[in-house]
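K.L.:
So that we are looking at the same thing, I have put the structure below in structure tokens.
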Amino acid sequence: MTAPGSNSIFAEKPMLDRVVSPADLRALADHDLPQLADELRREVIEVVSQTGGHLGSSLGVVELTVALHAVFDTPRDKLIWDVGHQCYPHKILTGRRHRMLTLRQAEGISGFTKRSESDYDPFGAAHSSTSISAALGFAMARELGQPVGDTVAVIGDGAITAGMAYEAMNHAGHLGKRLFVILNDNDMSIAPPVGAMQTYLNSIAGKGPLATLKAIAEGLEDHLPFPLREGARRAREMVSDRPGGVTLFEKLGFSYFGPVNGHDVPMLLHALRSMRAHAEGPVLLHVVTKKGNGYGPAEGADDKYHGVAKFDIASGKQHKTPANAPNYTAVFGQTLTDEAARDPRIVAITAAMPGGTGLDTMQKRFPARVFDVGIAEQHGVTFAAGLAAGGMRPFCAIYSSFLQRGYDQIIHDVALQNLPVRFAIDRAGLVGQDGATHAGAFDVMFLANLPNMTVMAAGDEADLVHMIATAAVHDHGPIALRYPRGEGMGVPMPDRGVPLEIGKGRTLREGTDVAILSFGAQLSEALAAAIILEAEGISVTVADARFAKPLDTALIDRLYREHRSLITVEQGSTGGFGAMVLHHLAMSGQLDRGAPVRTMTLPDRFIDQASPTQMYAWAGLAAADIAAMTRGTLGTAATAQVVRLR
């Protein structure tokens with residue numbers, strides 16, 4: 001990347017050019033900081049226009065980021081961003097400005113906070129609602145003698161709906177140690193925040209021992225732009241309407257102050273400095289911000305440009321590559337909506353991701369049958385279990401990496417009771433620019449080992465349609481269907497899904513030498529590997545398992561019996577589909593005959609962000625890798641044949 005001052009991204013930002021680290025920022029006069037914030041906002045827009053990424057959330061915290069680094073002594077003081085998708089201004093100010101054009105790219109900097117990347121990232125994140133727990137851990141490390149300063153958690157109004165945040169606040173209030181929580185209330189997470197907590201946040205104000213902060217809060221309405229002014233008015237009315245005006249946060253043991261205008265740098269500096277000077281126990285500062293603030297196209301968009309592709313700054317138009325095939329998520333959303341039109345028992349649950357999971361399509365047509373539970377995967381899974389026990393046919397649509405958060409509920413509330421909850425697992429496999437934190441690597445392993453569970457994976461977008469139809473009528477226990485992010489294979493699409501026979505795979509091409517058994521969307525690479533091998537005179541059978549549980553043991557037995565070797569391929573971790581195939585062959589005594597079996601899985605390491613194609617190449621799961629593994633087994637198979645003849 002080019003050095004500051006040598007191209008348009010770094011041009012004409014005299015205040016920002018003086019800041020290489022937060023220490024430089026703290027050397028600036030207070031009256032210079034609003035200009036610094038303006039330049040920082042412009043740089044974030046310019047960078048993300050070239051890289052894509054999480055724009056709206058980063059624009060909403062520009063002034064807050066400047067104020068936090070101006071007041072706190074980072075990195076000795078620990079600044080922890082919840083989720084971390086709003087950390088682009090923080091990265092620019094903490095020595096990574098020269099690398100910002102590598103954002104979310106192969107061998108570049110992460111789109112989230114990452115401990116290995118900078119001392120200014122004390123705790124890595126990408127999943128929500130972890131910041132207060134981590135900050136409390138740092139605070140107690142300080143109390144126990146470690147060289148840790150103040151600890152600050154910045155958490156959004158969407159993330160604070162999760163139960164983990166309240167578990168942490170309850171513990172922090174009990175311990176009573178000095179800790180700062182900044183509630184960034186922009187009234188807009190990825191989807192509009194839901195539930196009683198959001199209503200509460202829109203109608204609270206604090207009172208406490210810091211008179212300076214109370215004065216700020218009491219005069220806030222005059223400083224806030226519309227429509228934030230109305231929210232602040234409602235918040236102040238809450239104090240007079242309730243005896244004592246005590247907030248939930250105060251009942252949890254926090255001193256609560258706010259709301260404060262999160263785009264007013266002097267007000268933020270005053271509030272943060274007063275807190276830092278006087279706080280003894282845990283403190284929560286309620287900051288009101290506007291997602292996408294300062295960039296018109298983001299402010300006007302429904303999602304406030306939460307996640308964007310590269311875009312034109314002047315118009316805001318995103319440069320999205322035209323799709324060559326249907327998107328798996330869109331196929332899921334439309335197909336489920338069609339199934340719901342035929343069956344009034346079908347309902348859907350999402351954890352704050354109606355658009356990301358495709359459920360917004362069904363939500364528009366059947367709003368009373370789609371439930372957004374907020375960032376509460378545990379509740380979402382058990383809620384779905386209750387719906388199933390009540391006679392409904394629930395589809396619980398959650399990203400693979402987020403479903404990890406509800407695992408105990410999957411075991412205890414769903415599988416143990418054999419309830420027919422349908423788990424629609426989006427973002428299965430490697431996901432590209434979001435990197436390791438969002439990789440759907442483990443769901444096959446942690447679901448297929450559960451009694452009563454059925455686990456499917458779509459080999460292509462047409463098969464996904466059939467799997468949705470299969471799940472819709474599967475009333476004999478829990479069932480999961482997994483599918484990747486992005487485009488399908490471009491296969492012909494059915495007009496309507498046909499339920500599949502449970503536990504039965506399909507054979508796509510027949511050969512005589514080797515068999516490749518694919519589970520899931522790496523099927524296209526398996527077929528490509530077969531073409532490579534056929535050109536070399538190696539005859540290849542390619543089969544699609546469709547089910548990891550129950551296994552199609554008849555198909556597996558035939559492939560193993562009729563071929564010199566067997567290769568399994570999957571977009572998941574070790575311990576998944578391939579392990580189950582090996583277990584079956586071993587327990588049935590078939591491995592004793594010596595024909596080689598190889599399981600191709602994701603490697604035993606986390607894979608950083610890149611394009612999905614590059615990530616699968618790094619993982620050794622590309623067509624060339626499958627072909628190479630297959631060639632290697634042929635030599636082993638020949639040796640085994642000689643040994644048997646002797």
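Note on naming: chains are A, B, ... as they come in the structure tokens, residues start from 1 per chain, ligands start from 1 in the order shown.
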Glu525 (chain A): which residues within 8 Å, counting only C-alpha atoms, same-chain residues fewer than 2 positions away excluded, as a PyMOL selection string?
P.N.:
chain A and resi 522-523+527-529+621-623+626
K.L.:
Could those residues be written to a file, using C-alpha atoms, as a tab-separated table (two decimals), in the first residue's frame?
P.N.:
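Printed below is part.tsv as written:
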```
chain	number	residue	atom	x	y	z
A	522	GLN	CA	-17.53	-29.05	-2.56
A	523	LEU	CA	-19.27	-31.35	-5.03
A	527	LEU	CA	-16.59	-33.22	-10.35
A	528	ALA	CA	-13.82	-30.95	-11.63
A	529	ALA	CA	-11.21	-33.31	-10.14
A	621	LEU	CA	-9.72	-28.86	-0.93
A	622	ALA	CA	-9.54	-27.50	-4.49
A	623	ALA	CA	-10.08	-29.76	-7.52
A	626	ILE	CA	-8.63	-33.79	-4.74
```
K.L.:
What is the CA of Ala70 (chain A) to CA of Val20 (chain A) distance in Å?
P.N.:
13.4 Å
K.L.:
At a cut-off of 10 Å, using only C-alpha atoms, what residues contact Ala471 (chain A)? Leave out same-chain residues fewer than 6 positions from it and give the result as a ChimeraX atom specification.
P.N.:
/A:393-395,420-424,454,456,478-481,499-500,502
K.L.:
As a list in words, please: the residues near Met453 (chain A) (cut-off 10 Å, only C-alpha atoms, same-chain neighbours under 4 positions excluded).
P.N.:
Ile410, Ile411, Val414, Ala415, Leu416, Asn418, Leu419, Pro420, Val421, Leu447, Ala448, Asn449, His476, Gly477, Pro478, Ile479, Ala480, Lys549 and Pro550 of chain A
K.L.:
Find the spatial neighbours of region 292-295 of chain A, counting only C-alpha atoms, within a cut-off of 6 Å - ignore same-chain residues fewer than 2 positions away - and output them as a list in words.
P.N.:
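So the residues in contact are Gly56, Leu59, Gly60, Lys290, Pro297, Ala298, Glu299 and Lys304 of chain A.
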K.L.:
List the neighbours of region 308-316 of chain A out to 9 Å using only C-alpha atoms; skip same-chain residues closer than 3 positions along the sequence, and give me the result as a list of chain:residue names.
P.N.:
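The neighbour list is A:Ile45, A:Glu46, A:Val48, A:Ser49, A:Gln50, A:Thr51, A:Gly52, A:Gly53, A:His54, A:Leu55, A:Gly56, A:Tyr295, A:Gly296, A:Pro297, A:Ala298, A:Tyr305, A:His319, A:Lys320.
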K.L.:
Save out the residues we just selected, N, CA and C atoms, as a compact mmCIF listing (two decimals), in the first residue's frame.
P.N.:
```txt
# COMPACT_ATOMS: atom_id res chain seq x y z
N ILE A 45 -14.55 6.25 4.61
CA ILE A 45 -15.38 6.14 3.40
C ILE A 45 -14.51 5.82 2.19
N GLU A 46 -13.38 6.51 2.07
CA GLU A 46 -12.50 6.29 0.92
C GLU A 46 -11.92 4.87 0.91
N VAL A 48 -13.15 2.06 2.43
CA VAL A 48 -14.17 1.03 2.23
C VAL A 48 -14.74 1.08 0.81
N SER A 49 -14.70 2.25 0.19
CA SER A 49 -15.16 2.32 -1.21
C SER A 49 -14.29 1.45 -2.11
N GLN A 50 -13.04 1.20 -1.69
CA GLN A 50 -12.12 0.38 -2.49
C GLN A 50 -12.02 -1.06 -2.02
N THR A 51 -12.36 -1.32 -0.76
CA THR A 51 -12.20 -2.67 -0.22
C THR A 51 -13.53 -3.37 0.04
N GLY A 52 -14.61 -2.60 0.22
CA GLY A 52 -15.83 -3.16 0.77
C GLY A 52 -15.65 -3.41 2.25
N GLY A 53 -16.76 -3.69 2.94
CA GLY A 53 -16.66 -3.98 4.36
C GLY A 53 -17.81 -3.39 5.15
N HIS A 54 -17.61 -3.29 6.45
CA HIS A 54 -18.64 -2.81 7.37
C HIS A 54 -18.53 -1.29 7.50
N LEU A 55 -19.30 -0.59 6.70
CA LEU A 55 -19.17 0.86 6.64
C LEU A 55 -20.04 1.59 7.66
N GLY A 56 -21.34 1.28 7.67
CA GLY A 56 -22.27 2.05 8.49
C GLY A 56 -21.91 2.05 9.96
N TYR A 295 -22.42 10.23 5.91
CA TYR A 295 -22.36 9.82 4.51
C TYR A 295 -23.79 9.55 4.05
N GLY A 296 -24.30 10.44 3.22
CA GLY A 296 -25.70 10.44 2.82
C GLY A 296 -26.24 9.11 2.33
N PRO A 297 -25.57 8.44 1.38
CA PRO A 297 -26.10 7.16 0.92
C PRO A 297 -26.27 6.13 2.03
N ALA A 298 -25.34 6.14 3.00
CA ALA A 298 -25.46 5.20 4.12
C ALA A 298 -26.61 5.59 5.03
N TYR A 305 -25.89 0.82 5.19
CA TYR A 305 -24.64 0.31 4.61
C TYR A 305 -23.86 -0.49 5.65
N HIS A 319 -20.46 -1.74 -6.46
CA HIS A 319 -19.98 -2.45 -7.65
C HIS A 319 -20.07 -3.94 -7.40
N LYS A 320 -21.27 -4.49 -7.52
CA LYS A 320 -21.47 -5.91 -7.28
C LYS A 320 -21.36 -6.69 -8.58
```
